[in-house]
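A.B. asks: Got a structure for you, written out below as structure tokens; questions coming shortly.
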Amino acid sequence: MNSSRAGRNAILLVLAALLVAIAAYWLATSGPESAGGDADGGSGKAAAADAGTIAAGNETGQPADGGADAAGQDEAPVAEASADDPVAAEKPPVPSVEADIPSLAETYAEFFPIGAAVEPGQLAGLKADLLKKHVNMIVAENVMKPDAIHPTEDSYNWTNADKIVEFAKTNGMAVRFHALVWHNQVGAWFFKDPDGKPMVDETDPAKRETNKKLLLERLDKHVRTIVGRYKDDIKSWDVVNEVVEPGDPDGMRASDWYKIAGTDYIETAFRAAREAGGPDVMLYINDYGTDDPRKRDILYGLVKDMLDKGVPIDGVGHQTHISVHGPLVANIIESMKKFAELGLDNLVTELDMSLYAWNDRGDYGDDVPSYIVNRQAERYRELFDAFKANKGILGGVVFWGIADDHTWLHNFPVQGRMDAPLLFDKQLHAKPAFWAVVDPSKLEEIVRKSEE
């Protein structure tokens with residue numbers, strides 16, 4: 001008996017030792033570090049969650065309540081994905097013309113025409129479709145300017161201008177001409193004497209008078225040739241562009257035109273345009289910054305003097321390159337009213353609204369703050385409310401472009417900076433500014449959603 005009991009005790013001791021060894025081994029091999037998890041046992045938690053999911057009876061591995069688990073699910077709505085997650089974020093929209101929104105031109109049919117500046121390359125494809133839907137007037141952004149259409153004294157380039165005229169005729173649109181006379185984008189040949197020397201350098205009084213006569217003869221022919229070609233297709237003409245500059249002597253821009261011929265070049269251009277185009281064409285003097293009282297008053301004095309001399313000026317073109325920060329809409333309207341007192345028409349000829357103040361060299365990049373986008377919309381609403389209220393003195397509104405993918409404000413005045421001054425974005429889609437102009441009642445909801 002004693003030997004038997006001793007044997008059993010020995011066996012029990014061996015088994016106990018074996019169990020201790022197994023326990024020690026398990027502890028050594030099943031801790032958080034050996035499991036590949038973080039120090040807090042993160043992987044162990046994930047495994048436990050998976051086990052809990054399966055235990056709940058859901059063979060798909062999704063939570064029993066149908067919601068997204070801690071790791072996220074493919075079925076989670078895209079709108080709930082983090083904007084910082086490039087995989088989960090929505091794909092950027094592609095350019096398209098929205099067919100289910102109101103037409104800008106039709107919305108304003110009872111008020112005034114709506115126009116846009118174009119380049120020939122925009123007369124086909126999506127951009128052409130956008131123009132057809134939203135405007136009933138177009139103007140050449142560049143191809144009708146003096147150097148483009150009359151590059152040398154003996155040659156004219158009609159090709160691109162003809163394309164714009166033909167597109168307008170085909171689609172029932174009016175055309176504006178911009179511009180017969182400008183100090184920029186004009187051939188140097190205009191200002192050279194018969195010997196090829198710059199006229200402005202001449203000091204002899206007799207030769208200066210001869211040069212002035214030659215310049216005005218060239219100008220007269222330039223105007224008559226162009227107006228004569230298009231008089232049946234174009235009724236609205238920017239005859240002279242940007243001739244006033246308050247900082248220059250006499251408030252007149254010190255261009256070669258003015259240095260050589262004084263204000264006679266302005267008179268010559270208008271008289272030639274009337275004689276070539278007939279009584280039905282509308283002739284405008286066009287300038288920027290007309291909301292500024294100082295510049296406005298100089299321009300007013302010039303126009304009144306010309307009218308007193310019988311110069312055929314029919315209206316004033318207000319470029320209206322403005323920003324979300326200014327000027328006051330009241331100043332824009334006050335200027336129009338002042339010229340209307342002279343019996344003149346007013347046109348908004350080059351409207352856009354920069355995101356940046358004139359002296360701002362900042363750059364929002366691709367992430368324009370919502371408050372700036374909303375401010376632009378509110379400013380456009382205020383502006384067009386004023387235009388509608390003064391439709392009796394306003395003959396039309398022309399945007400300097402149609403969508404933010406193409407605007408002269410890109411890279412100006414900051415190289416590499418993109419702007420967004422128009423009613424349609426780079427994908428040709430309506431911006432809050434569009435709805436502010438077409439249906440202001442929707443603006444409050446749009447602003448609220450953008451700020452959520």
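By convention in this document, the chains of the structure tokens carry letters A, B, ... by their order, each chain's residues are numbered from 1, and ligands are numbered from 1 in the order they are shown.
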Mind listing the strand (DSSP E) residues of segment 204-355 of chain A, per DSSP on the backbone, as a ChimeraX atom specification?
C.D. replies: /A:236-241,282-287,315-318,321-323,345-354
A.B. asks: Keeping only N, CA, C and O atoms, take the residues you just selected and write them out as a tab-separated table (two decimals), in the first residue's frame.
C.D. replies:
chain	number	residue	atom	x	y	z
A	236	SER	N	-23.85	97.24	-82.37
A	236	SER	CA	-23.31	97.84	-81.16
A	236	SER	C	-21.79	97.85	-81.24
A	236	SER	O	-21.15	96.80	-81.35
A	237	TRP	N	-21.19	99.06	-81.14
A	237	TRP	CA	-19.76	99.23	-81.40
A	237	TRP	C	-19.06	99.97	-80.27
A	237	TRP	O	-19.49	101.07	-79.89
A	238	ASP	N	-17.98	99.39	-79.73
A	238	ASP	CA	-17.05	100.14	-78.89
A	238	ASP	C	-16.11	100.87	-79.83
A	238	ASP	O	-15.19	100.26	-80.41
A	239	VAL	N	-16.35	102.16	-80.01
A	239	VAL	CA	-15.57	102.92	-80.98
A	239	VAL	C	-14.19	103.26	-80.43
A	239	VAL	O	-13.16	103.01	-81.06
A	240	VAL	N	-14.17	103.85	-79.22
A	240	VAL	CA	-12.89	104.09	-78.56
A	240	VAL	C	-12.94	103.48	-77.17
A	240	VAL	O	-13.98	103.46	-76.51
A	241	ASN	N	-11.80	103.00	-76.70
A	241	ASN	CA	-11.72	102.23	-75.46
A	241	ASN	C	-10.63	102.80	-74.56
A	241	ASN	O	-9.49	102.98	-74.99
A	282	MET	N	-25.23	101.66	-83.00
A	282	MET	CA	-25.05	102.31	-81.69
A	282	MET	C	-23.57	102.40	-81.40
A	282	MET	O	-22.85	101.39	-81.39
A	283	LEU	N	-23.10	103.63	-81.14
A	283	LEU	CA	-21.67	103.90	-80.99
A	283	LEU	C	-21.36	104.28	-79.54
A	283	LEU	O	-21.95	105.23	-79.01
A	284	TYR	N	-20.42	103.54	-78.93
A	284	TYR	CA	-20.13	103.70	-77.50
A	284	TYR	C	-18.69	104.12	-77.26
A	284	TYR	O	-17.76	103.71	-77.98
A	285	ILE	N	-18.52	104.90	-76.20
A	285	ILE	CA	-17.20	105.17	-75.64
A	285	ILE	C	-17.09	104.28	-74.40
A	285	ILE	O	-17.95	104.32	-73.51
A	286	ASN	N	-16.07	103.46	-74.32
A	286	ASN	CA	-15.99	102.39	-73.32
A	286	ASN	C	-14.82	102.62	-72.37
A	286	ASN	O	-13.72	102.97	-72.81
A	287	ASP	N	-15.05	102.40	-71.07
A	287	ASP	CA	-13.94	102.58	-70.12
A	287	ASP	C	-14.21	101.79	-68.84
A	287	ASP	O	-15.33	101.36	-68.59
A	315	GLY	N	-23.74	106.15	-76.56
A	315	GLY	CA	-23.78	105.56	-75.23
A	315	GLY	C	-22.41	105.42	-74.61
A	315	GLY	O	-21.38	105.62	-75.25
A	316	VAL	N	-22.44	105.05	-73.33
A	316	VAL	CA	-21.21	104.83	-72.55
A	316	VAL	C	-21.16	103.37	-72.15
A	316	VAL	O	-22.14	102.82	-71.62
A	317	GLY	N	-20.04	102.74	-72.40
A	317	GLY	CA	-19.81	101.37	-71.96
A	317	GLY	C	-19.07	101.37	-70.64
A	317	GLY	O	-17.98	101.95	-70.53
A	318	HIS	N	-19.67	100.75	-69.64
A	318	HIS	CA	-19.07	100.65	-68.31
A	318	HIS	C	-18.50	99.23	-68.17
A	318	HIS	O	-19.27	98.27	-68.04
A	321	HIS	N	-15.34	95.78	-64.24
A	321	HIS	CA	-14.45	94.77	-63.65
A	321	HIS	C	-14.38	95.10	-62.16
A	321	HIS	O	-13.65	96.00	-61.74
A	322	ILE	N	-15.12	94.36	-61.35
A	322	ILE	CA	-15.23	94.68	-59.93
A	322	ILE	C	-14.76	93.49	-59.09
A	322	ILE	O	-14.28	92.50	-59.63
A	323	SER	N	-14.93	93.58	-57.78
A	323	SER	CA	-14.52	92.48	-56.91
A	323	SER	C	-15.57	92.26	-55.83
A	323	SER	O	-16.52	93.05	-55.69
A	345	ASP	N	-27.32	105.99	-73.84
A	345	ASP	CA	-27.54	104.64	-73.35
A	345	ASP	C	-26.35	104.24	-72.48
A	345	ASP	O	-25.24	104.77	-72.62
A	346	ASN	N	-26.58	103.31	-71.56
A	346	ASN	CA	-25.51	102.71	-70.76
A	346	ASN	C	-25.46	101.22	-71.03
A	346	ASN	O	-26.50	100.56	-71.13
A	347	LEU	N	-24.26	100.69	-71.16
A	347	LEU	CA	-24.05	99.25	-71.29
A	347	LEU	C	-23.03	98.79	-70.26
A	347	LEU	O	-22.01	99.46	-70.05
A	348	VAL	N	-23.30	97.67	-69.61
A	348	VAL	CA	-22.27	96.98	-68.83
A	348	VAL	C	-21.56	96.07	-69.82
A	348	VAL	O	-22.15	95.10	-70.31
A	349	THR	N	-20.31	96.36	-70.12
A	349	THR	CA	-19.67	95.73	-71.28
A	349	THR	C	-18.69	94.61	-70.95
A	349	THR	O	-18.39	93.78	-71.82
A	350	GLU	N	-18.17	94.55	-69.71
A	350	GLU	CA	-17.11	93.57	-69.42
A	350	GLU	C	-17.21	93.07	-67.98
A	350	GLU	O	-16.22	93.00	-67.26
A	351	LEU	N	-18.38	92.67	-67.58
A	351	LEU	CA	-18.62	92.36	-66.17
A	351	LEU	C	-17.91	91.09	-65.70
A	351	LEU	O	-18.01	90.03	-66.32
A	352	ASP	N	-17.20	91.20	-64.61
A	352	ASP	CA	-16.73	90.05	-63.83
A	352	ASP	C	-16.47	90.52	-62.41
A	352	ASP	O	-16.41	91.73	-62.15
A	353	MET	N	-16.37	89.58	-61.48
A	353	MET	CA	-16.22	89.93	-60.07
A	353	MET	C	-15.13	89.08	-59.44
A	353	MET	O	-15.33	87.92	-59.09
A	354	SER	N	-13.95	89.65	-59.31
A	354	SER	CA	-12.80	88.95	-58.74
A	354	SER	C	-13.05	88.58	-57.28
A	354	SER	O	-13.77	89.28	-56.56
A.B. asks: Any idea what the distance is between atom CA of Lys212 of chain A and atom CA of Met199 of chain A?
C.D. replies: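 That distance, rounded to one decimal, is 8.3 Å.
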A.B. asks: Pick out the residues sitting within 9 Å of Val311 of chain A, and hand them over as an mmCIF file with N, CA, C and O atoms, in the first residue's frame; count only C-alpha atoms, and ignore anything fewer than 6 positions along from it in its own chain.
C.D. replies:
data_model
loop_
_atom_site.group_PDB
_atom_site.id
_atom_site.type_symbol
_atom_site.label_atom_id
_atom_site.label_comp_id
_atom_site.auth_asym_id
_atom_site.auth_seq_id
_atom_site.Cartn_x
_atom_site.Cartn_y
_atom_site.Cartn_z
ATOM 1 N N GLU A 267 -12.886 112.116 -82.058
ATOM 2 C CA GLU A 267 -13.891 112.687 -82.959
ATOM 3 C C GLU A 267 -13.851 112.024 -84.326
ATOM 4 O O GLU A 267 -14.900 111.671 -84.894
ATOM 5 N N THR A 268 -12.656 111.820 -84.856
ATOM 6 C CA THR A 268 -12.512 111.180 -86.170
ATOM 7 C C THR A 268 -13.109 109.785 -86.176
ATOM 8 O O THR A 268 -13.823 109.401 -87.105
ATOM 9 N N PHE A 270 -15.466 108.401 -84.236
ATOM 10 C CA PHE A 270 -16.928 108.374 -84.139
ATOM 11 C C PHE A 270 -17.593 108.850 -85.422
ATOM 12 O O PHE A 270 -18.592 108.263 -85.877
ATOM 13 N N ARG A 271 -17.060 109.903 -86.031
ATOM 14 C CA ARG A 271 -17.677 110.408 -87.258
ATOM 15 C C ARG A 271 -17.538 109.374 -88.391
ATOM 16 O O ARG A 271 -18.493 109.150 -89.148
ATOM 17 N N VAL A 303 -17.346 113.633 -73.005
ATOM 18 C CA VAL A 303 -18.499 113.241 -73.820
ATOM 19 C C VAL A 303 -19.398 114.443 -74.097
ATOM 20 O O VAL A 303 -19.870 114.629 -75.231
ATOM 21 N N ASP A 305 -18.574 117.603 -74.245
ATOM 22 C CA ASP A 305 -17.906 118.459 -75.236
ATOM 23 C C ASP A 305 -18.062 117.891 -76.641
ATOM 24 O O ASP A 305 -18.308 118.633 -77.606
#
A.B. asks: Considering only C-alpha atoms, can you say which of A:Val324, A:Leu216, A:Leu423, A:Leu126 comes closest to Phe191 of chain A?
C.D. replies: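 Closest residue, counting only C-alpha atoms: A:Leu216.
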A.B. asks: From the list A:Trp408, A:Phe424, A:Tyr258, A:Tyr380, which residue is nearest Val437 of chain A when using only C-alpha atoms?
C.D. replies: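 Selected residue with least distance to Val437 of chain A: A:Tyr380.
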A.B. asks: Could you please write out, as a ChimeraX atom specification, every residue of segment 220-374 of chain A that DSSP assigns to alpha helix (DSSP H)?
C.D. replies: /A:220-230,256-261,264-277,293-308,329-340,370-374
A.B. asks: Calculated over only C-alpha atoms, which of the candidates A:Asp129, A:Phe190, A:His134, A:Thr159 has the smallest distance to Pro146 of chain A?
C.D. replies: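 Closest candidate: A:Phe190.
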A.B. asks: Taking into account only C-alpha atoms, which residue in the set A:Leu307, A:Ala433, A:Leu344, A:Ala389 is nearest to Ala330 of chain A?
C.D. replies: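 Closest residue, counting only C-alpha atoms: A:Ala389.
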